[in-house]
Amino acid sequence: MPIVQSGGQLLTLEPPVTRGGFDPYATGGPSAWSGYGGNAAAFAQIYATQPNIRTCVDFLARGIADCGLHVFRRISDTDRVRLADHPLAQWLARPNYATTRYRLFESLVGDLGLYMNAYWLKIRLPEKRIGLVRLPPERMQVPGGLLPSHFVYTPLSGPPQPFDLSEVVYFNGYNPLNDVMGLSPLVTLARLLAEETAAADNRETYWRNASRVEGVIERPKDAPKWTPEQKQSWRGQWQAQYHGPHSAGSVAVLEDGMAFKQISFSPKDSEYINARKLTRTECAAAYHIPPPFVGDLEHATFSNIKEQHKQLYADTLGPWFTMIELAITLWLLPEADDSEGIYVEFNIAEKLKGQFEEQSAALATAVRRAFMTPNEARARLNLPRIADDPTADQIAPQQGGPSGAASTPAEDPTAAASAADAATPQQLAIATVTRAHLDRQATRLEKFPVEARAEALDHTRCTEELAADLLPIVGNRPEALTYAARITDHTYMLLVEGRDPFGTDRFPATGGAV
């Protein structure tokens, strides 16, 4: 297939030929292309009628739409700032007057799951604002060869409308048959879905026939021969009496010598239930979703569900996040005047709220075990660096935190006394509230053995309670939460090490600045 460069774009000189007995690029009406699974216009019907496909696509669409997409500026390897007021963040937060951010991303992932292609049209608004509107993939075409040349949208009524590359945000997947459009997973699953449809139709017919099995009526070999009219009359009477749901519970009375003989397989013999489970499992595998997350709990246990929950973000949603982030950076970010050092990233922490204890313990260990500074740990969470604390760029000591209440070593009571003398009224108030909080925790944990106290510490509850107590003093909830989390982290680490975190030597009179 000849390729030429024209106007800085790679184009084909002739239409692509049929591959493997079918034309993957055939167009007809609004359909973009067709293949083993039919044209793209049929994919919406598959989604509407195939419960396994809808389960998988909805799982991905809802899970990804529920994660916030944040905009950051990279200052250095250990410093980045979230830009909530950046134009890109505003465009994504308010796509248009009728669409929310959640709906925009839900439809985006739904289109990718069905078509492996998705499109946003850029609407130019005053003051360099941009609105985003979903374009239905089944009515889109992407002309070009090795690279797309432009986009063509075919509305339900009216002539096709071409769009320049700069007017569309394009998301697509891999396709060995087409370099500019992704290959839908439904094409690969077409035969499996056709088999599932045939099985469902057969099962529906079975129930419409009052759950009766197929069979024949046998007559004795020495019975008088029936005329064709007699056969048709008897068959009509049988069908009228015993065919359909209305005949459920009826008792058939056969003539002398007649017998009913079953000639069909039972649902158990045909393994109908196992076939349905297999279809769901294979559909989940096509979308790289662990089976328990789409309702297949046959081999699920508490331990493997927990591990597969980690796999969900590493192997299932992770590639989707990366694909969407990079496409937005490529097609939409250049529209903003401020694009240097800007990047977008899904806030996976929103989906890991139930594992806050594990995440906090890991970062606390990293900071206190002398291989990561606090600012490096904050960079892992896309938090800005602490600029007004010189110890934030230093490796913390082996025991104790980098600053604040947990930073004064227990082995130096003189330093604790000096700190208390120099404390401000606010610091003394913080220390008093912290001391009372620790006394309450000590009373609550006394009933547990020493080795079980770390596990019994309710990290989230402790942090929230201390932050609520500190709020009247500091007047800033984020700062109160930050300080409370540091105290709870330190308490947890000392409990893990089998040490007593509730003595006055561990938390001196001054609580430090929040």
# chains A, B, ... in the order shown; residues from 1 in each chain; ligands from 1
>>> select_by_dssp(residues="stretch 88-131 of chain A", states="strand (DSSP E)", output="number ranges by chain")
A: 117-124, 130-131
>>> write_last_selection(atoms="C-alpha atoms", output="CSV table (one decimal), in the first residue's frame")
chain,number,residue,atom,x,y,z
A,117,ASN,CA,-12.6,4.7,20.2
A,118,ALA,CA,-13.9,7.8,21.9
A,119,TYR,CA,-14.2,11.5,20.8
A,120,TRP,CA,-14.8,14.9,22.5
A,121,LEU,CA,-15.6,17.9,20.4
A,122,LYS,CA,-14.0,21.1,21.5
A,123,ILE,CA,-16.5,24.0,21.7
A,124,ARG,CA,-14.8,27.4,21.5
A,130,ILE,CA,-13.4,25.4,26.0
A,131,GLY,CA,-16.4,23.2,26.3
>>> closest_residue(among="A:Thr432, A:Asn52, A:Asn178, A:Thr154", to="A:Glu196", atoms="only C-alpha atoms")
A:Asn52
>>> residues_around(residues="stretch 161-168 of chain A", least_positions_apart="3", cutoff="10 Å", atoms="only C-alpha atoms", output="list of chain:residue names")
A:Ala118, A:Tyr119, A:Trp120, A:Leu121, A:Lys122, A:Ile123, A:Arg124, A:Leu132, A:Val133, A:Arg134, A:Leu135, A:Met140, A:Gln141, A:Val142, A:Pro148, A:Ser149, A:His150, A:Phe151, A:Val152, A:Tyr153, A:Thr154, A:Pro155, A:Gly158, A:Phe171, A:Trp331, A:Leu332, A:Pro334, A:Glu335
>>> residues_around(residues="stretch 383-390 of chain A", least_positions_apart="5", cutoff="8 Å", atoms="only C-alpha atoms", output="list in words")
Thr78, Asp79, Arg80, Val81, Arg82, Asn375 and Arg378 of chain A
>>> closest_residue(among="A:Met181, A:Ala429, A:Ile487, A:Ala200", to="A:Val474", atoms="only C-alpha atoms")
A:Ala429
>>> select_by_dssp(residues="stretch 19-168 of chain A", states="alpha helix (DSSP H)", output="ChimeraX atom specification")
/A:43-49,51-65,87-93,101-115
>>> closest_residue(among="A:Arg101, A:Leu193, A:Tyr492, A:Glu127", to="A:Glu455", atoms="only C-alpha atoms")
A:Tyr492
>>> closest_residue(among="A:Ala284, A:Met116, A:Ala199, A:Ala240", to="A:Ile53", atoms="only C-alpha atoms")
A:Ala284
>>> atom_distance(atom1="atom CA of A:His459", atom2="atom CA of A:Thr488")
6.5 Å
